[in-house]
Amino acid sequence: MPDIPTAPVIVADEPGTFPHRVLAERHPAIIRQVREAFPYEPRQRGALDALLTGCTDGAIQPLPADAHDRERWEAWGMTTYAGRSWYDVPWLWSESWFYRRLLDAVGYFAPGPWQGIDPFRPSKRAELDSPATDEELAALDDLAGRPEGEQARALLHGSLWGNRADLGFRLSAEGAERTAPVPALVADDSERLWPLLSGTGTLCLVADNAGRELVPDLLLLAHLLARGRIGRAVLHVKPYPYYVSDATTADVVDAVRRLTHAEGAAATYGRDLWAAFSDGRLTLRAHPFSCAPLPYEAMPDDLRADFASAALTVVKGDLNYRRLVGDRYWPPTTPFADVTAYFPGPVAALRTLKSDVITGLEAETEAALTAAEGQRWRTGGTHALIQVRT
Ligand SMILES: O=P(O)(O)OC[C@@]1(O)O[C@H](CO)[C@@H](O)[C@@H]1O
């Protein structure tokens, strides 16, 4: 890591800030949404109510002694943070902890009838089955006749802006749409990205949301494989439901089936993806570290080796960006290359801006954004970036 001055880690202890609102307002809203979405039994309802009180007013309670992943969470900081307020530990940590505890409450991990039932599935399915998804798939028919470069660029932008489709974000982003996109792309290194995708190498794509983000991610992968821009693709998904809409293996299956059951060009993409899975050109990973409450700099060796062997790793979305550069109040002009220097290979971030973390801006861009919008551009989801470190 180059000798860059460090910046304060984000903690949600200040009322009125975005991180504080996530803990105080978004998490309770998520609990209520989940409670209404399933005919949960009294034990689950009681556990959800207890979580509601605990996560807003209580202290962090360690996992029970027999939890299957207790050791892992101990290594990830549980022993250090137990007994402290959710608001006084790194925000990234308390958010991840929230999803781990929510899954406990609904019986996701415990052997029994509710094991493996994704509490966010109804909202994910509704989005995948929506008319908006139909419209996006129908647009692929027009794209099919365009030059390859134009198709690739359009699919890259589809994947980038697909990141706005984040269901947790929608619970607290009313008004975001009203902001004028000036400029919509606050950093655009895409011209440095294409030369990295010009051969037989492997592309790792670290997925973010299911549904209307995952579909364009898959379309992009299908295109790059079919056009020989990459030889293989590895799609990293979450091992369990996370941040409401994050993609799991089940969501990938749903998305591919959605494509294969569509009409026209979308169905061709679906069949190509099915074939790529079948012959091993496209593989899935659901590494435990994908749901870790830590920055990627702390990644374990096997994951590091995966990324090191890729021609390029594309990291999608806001949360993954926070983990990639470190969840800190960086000065916005901090070079992206410096904060990602630890990453074991070329890396690109495709992200719409939905939290305070930002690096790699030109000073003029930051000044223009702030003059036009105050600090709203950081969290409103109306701006995006493509950043590359080779
Ligand atoms: O990673 P994603 O889906 O792009 O966004 C996740 C998100 O909605 O959740 C966090 C707050 O809970 C923020 O980092 C971000 O706004």
# chains A, B, ... in the order shown; residues from 1 in each chain; ligands from 1
$ residues_near_ligand --ligand "ligand 1" --cutoff "7 Å" --atoms "only C-alpha atoms and all ligand atoms" --output "VMD selection string"
chain A and resid 22 95 163 to 164 166 168 to 169 208 to 209 243 245 to 246 317 to 320 322 351 to 352 354 to 355 379
$ write_last_selection --atoms "C-alpha atoms" --output "CSV table (one decimal), in the first residue's frame"
chain,number,residue,atom,x,y,z
A,22,VAL,CA,-29.5,3.3,8.1
A,95,GLU,CA,-24.7,-3.6,9.0
A,163,ASN,CA,-26.9,-1.0,-9.5
A,164,ARG,CA,-29.6,1.6,-8.8
A,166,ASP,CA,-31.2,-1.9,-4.8
A,168,GLY,CA,-32.8,-1.8,0.6
A,169,PHE,CA,-31.9,1.6,-0.8
A,208,ASP,CA,-24.1,-7.0,-6.0
A,209,ASN,CA,-27.9,-7.1,-6.3
A,243,TYR,CA,-28.4,-6.3,2.3
A,245,SER,CA,-31.3,-7.7,-2.5
A,246,ASP,CA,-27.8,-9.1,-2.8
A,317,GLY,CA,-22.2,-1.8,-6.3
A,318,ASP,CA,-22.0,0.5,-3.4
A,319,LEU,CA,-21.3,-1.9,-0.5
A,320,ASN,CA,-18.6,-3.7,-2.5
A,322,ARG,CA,-17.0,0.5,0.5
A,351,ARG,CA,-21.0,1.6,-8.8
A,352,THR,CA,-23.9,4.1,-8.3
A,354,LYS,CA,-25.3,5.4,-2.3
A,355,SER,CA,-23.1,6.1,0.7
A,379,THR,CA,-25.9,9.1,-1.3
$ residues_around --residues "stretch 264-266 of chain A" --least-positions-apart "3" --cutoff "12 Å" --atoms "only C-alpha atoms" --output "CSV table (one decimal) with N, CA and C atoms, in the first residue's frame"
chain,number,residue,atom,x,y,z
A,133,THR,N,-38.7,-5.1,-16.0
A,133,THR,CA,-37.7,-6.1,-16.5
A,133,THR,C,-38.1,-6.5,-17.9
A,134,ASP,N,-39.3,-6.7,-18.2
A,134,ASP,CA,-39.8,-7.1,-19.6
A,134,ASP,C,-39.3,-6.0,-20.6
A,135,GLU,N,-39.5,-4.8,-20.2
A,135,GLU,CA,-39.0,-3.7,-21.1
A,135,GLU,C,-37.5,-3.7,-21.4
A,136,GLU,N,-36.8,-4.0,-20.3
A,136,GLU,CA,-35.3,-4.0,-20.5
A,136,GLU,C,-34.9,-5.2,-21.3
A,137,LEU,N,-35.6,-6.3,-21.2
A,137,LEU,CA,-35.2,-7.5,-22.0
A,137,LEU,C,-35.7,-7.2,-23.5
A,138,ALA,N,-36.8,-6.6,-23.7
A,138,ALA,CA,-37.2,-6.3,-25.1
A,138,ALA,C,-36.3,-5.4,-25.8
A,139,ALA,N,-35.6,-4.5,-25.0
A,139,ALA,CA,-34.7,-3.6,-25.7
A,139,ALA,C,-33.5,-4.3,-26.2
A,140,LEU,N,-33.2,-5.5,-25.8
A,140,LEU,CA,-32.1,-6.3,-26.3
A,140,LEU,C,-32.2,-6.6,-27.8
A,141,ASP,N,-33.5,-6.7,-28.3
A,141,ASP,CA,-33.7,-6.9,-29.7
A,141,ASP,C,-33.1,-5.8,-30.6
A,142,ASP,N,-33.3,-4.6,-30.2
A,142,ASP,CA,-32.7,-3.5,-30.9
A,142,ASP,C,-31.2,-3.5,-30.9
A,143,LEU,N,-30.7,-3.9,-29.8
A,143,LEU,CA,-29.2,-3.8,-29.6
A,143,LEU,C,-28.5,-4.9,-30.5
A,144,ALA,N,-29.2,-6.0,-30.8
A,144,ALA,CA,-28.6,-7.1,-31.4
A,144,ALA,C,-28.0,-6.7,-32.8
A,145,GLY,N,-28.6,-5.7,-33.5
A,145,GLY,CA,-28.1,-5.4,-34.8
A,145,GLY,C,-26.9,-4.4,-34.8
A,215,VAL,N,-29.4,-9.3,-13.8
A,215,VAL,CA,-29.8,-9.6,-15.3
A,215,VAL,C,-28.8,-8.9,-16.2
A,216,PRO,N,-28.6,-7.6,-16.1
A,216,PRO,CA,-27.6,-7.0,-17.0
A,216,PRO,C,-26.2,-7.5,-16.7
A,218,LEU,N,-25.3,-10.5,-16.0
A,218,LEU,CA,-25.3,-11.8,-16.8
A,218,LEU,C,-25.2,-11.5,-18.3
A,219,LEU,N,-26.0,-10.5,-18.7
A,219,LEU,CA,-26.0,-10.2,-20.2
A,219,LEU,C,-24.6,-9.8,-20.6
A,220,LEU,N,-23.9,-9.0,-19.7
A,220,LEU,CA,-22.6,-8.5,-20.0
A,220,LEU,C,-21.6,-9.7,-20.1
A,222,ALA,N,-22.4,-12.8,-20.7
A,222,ALA,CA,-22.7,-13.7,-21.9
A,222,ALA,C,-22.1,-13.0,-23.2
A,223,HIS,N,-22.2,-11.7,-23.3
A,223,HIS,CA,-21.7,-11.0,-24.5
A,223,HIS,C,-20.2,-11.2,-24.5
A,255,ALA,N,-32.6,-15.7,-12.4
A,255,ALA,CA,-32.3,-14.7,-13.5
A,255,ALA,C,-32.1,-15.5,-14.8
A,256,VAL,N,-31.3,-16.5,-14.8
A,256,VAL,CA,-31.0,-17.3,-16.0
A,256,VAL,C,-32.3,-17.9,-16.6
A,257,ARG,N,-33.2,-18.4,-15.7
A,257,ARG,CA,-34.4,-19.0,-16.1
A,257,ARG,C,-35.3,-17.9,-16.7
A,258,ARG,N,-35.3,-16.7,-16.1
A,258,ARG,CA,-36.1,-15.6,-16.6
A,258,ARG,C,-35.7,-15.3,-18.0
A,259,LEU,N,-34.4,-15.3,-18.3
A,259,LEU,CA,-33.9,-15.1,-19.7
A,259,LEU,C,-34.3,-16.2,-20.6
A,260,THR,N,-34.1,-17.4,-20.2
A,260,THR,CA,-34.4,-18.5,-21.1
A,260,THR,C,-35.9,-18.6,-21.5
A,261,HIS,N,-36.7,-18.1,-20.6
A,261,HIS,CA,-38.2,-18.1,-20.8
A,261,HIS,C,-38.6,-16.8,-21.5
A,269,TYR,N,-29.5,-14.9,-25.1
A,269,TYR,CA,-28.5,-14.7,-24.0
A,269,TYR,C,-28.7,-15.8,-23.0
A,270,GLY,N,-30.0,-16.1,-22.7
A,270,GLY,CA,-30.2,-17.1,-21.6
A,270,GLY,C,-29.7,-18.4,-22.0
A,271,ARG,N,-29.9,-18.8,-23.3
A,271,ARG,CA,-29.3,-20.1,-23.7
A,271,ARG,C,-27.8,-20.1,-23.7
A,272,ASP,N,-27.2,-19.0,-24.1
A,272,ASP,CA,-25.7,-18.9,-24.1
A,272,ASP,C,-25.2,-19.0,-22.6
A,273,LEU,N,-25.9,-18.4,-21.7
A,273,LEU,CA,-25.5,-18.5,-20.3
A,273,LEU,C,-25.6,-19.9,-19.8
$ residues_around --residues "A:Asp188" --least-positions-apart "6" --cutoff "7 Å" --atoms "only C-alpha atoms" --output "PyMOL selection string"
chain A and resi 385-387
$ write_last_selection --atoms "N, CA and C atoms" --output "PDB file, in the first residue's frame"
ATOM      1  N   LEU A 385     -20.015   5.705 -11.118  1.00  0.00           N
ATOM      2  CA  LEU A 385     -18.603   5.785 -11.511  1.00  0.00           C
ATOM      3  C   LEU A 385     -18.144   4.454 -12.102  1.00  0.00           C
ATOM      4  N   ILE A 386     -17.146   4.596 -12.985  1.00  0.00           N
ATOM      5  CA  ILE A 386     -16.403   3.439 -13.483  1.00  0.00           C
ATOM      6  C   ILE A 386     -14.943   3.758 -13.194  1.00  0.00           C
ATOM      7  N   GLN A 387     -14.337   3.041 -12.267  1.00  0.00           N
ATOM      8  CA  GLN A 387     -12.935   3.301 -11.922  1.00  0.00           C
ATOM      9  C   GLN A 387     -12.128   2.027 -12.146  1.00  0.00           C
TER      10      GLN A 387
END
$ select_by_dssp --residues "stretch 98-213 of chain A" --states "strand (DSSP E)" --output "PDB file with C-alpha atoms, in the first residue's frame"
ATOM      1  CA  LEU A 185     -20.771   9.728 -14.336  1.00  0.00           C
ATOM      2  CA  VAL A 186     -18.431  11.289 -11.783  1.00  0.00           C
ATOM      3  CA  ALA A 187     -15.471   9.201 -12.989  1.00  0.00           C
ATOM      4  CA  ASP A 188     -15.225   7.175 -16.175  1.00  0.00           C
ATOM      5  CA  THR A 202     -10.754 -14.913 -16.835  1.00  0.00           C
ATOM      6  CA  LEU A 203     -13.080 -12.165 -15.674  1.00  0.00           C
ATOM      7  CA  CYS A 204     -14.161 -12.257 -12.027  1.00  0.00           C
ATOM      8  CA  LEU A 205     -17.381 -10.352 -11.476  1.00  0.00           C
ATOM      9  CA  VAL A 206     -18.210  -9.684  -7.841  1.00  0.00           C
TER      10      VAL A 206
END
$ closest_residue --among "A:His27, A:Arg227, A:Arg281, A:Lys124" --to "A:Ala247" --atoms "only C-alpha atoms"
A:Lys124
$ atom_distance --atom1 "atom CA of A:Leu155" --atom2 "atom CA of A:Pro344"
26.0 Å
$ select_by_dssp --residues "stretch 131-363 of chain A" --states "alpha helix (DSSP H)" --output "ChimeraX atom specification"
/A:131-143,148-161,167-170,190-193,214-226,249-260,264-279,301-308,318-325,336-339,363
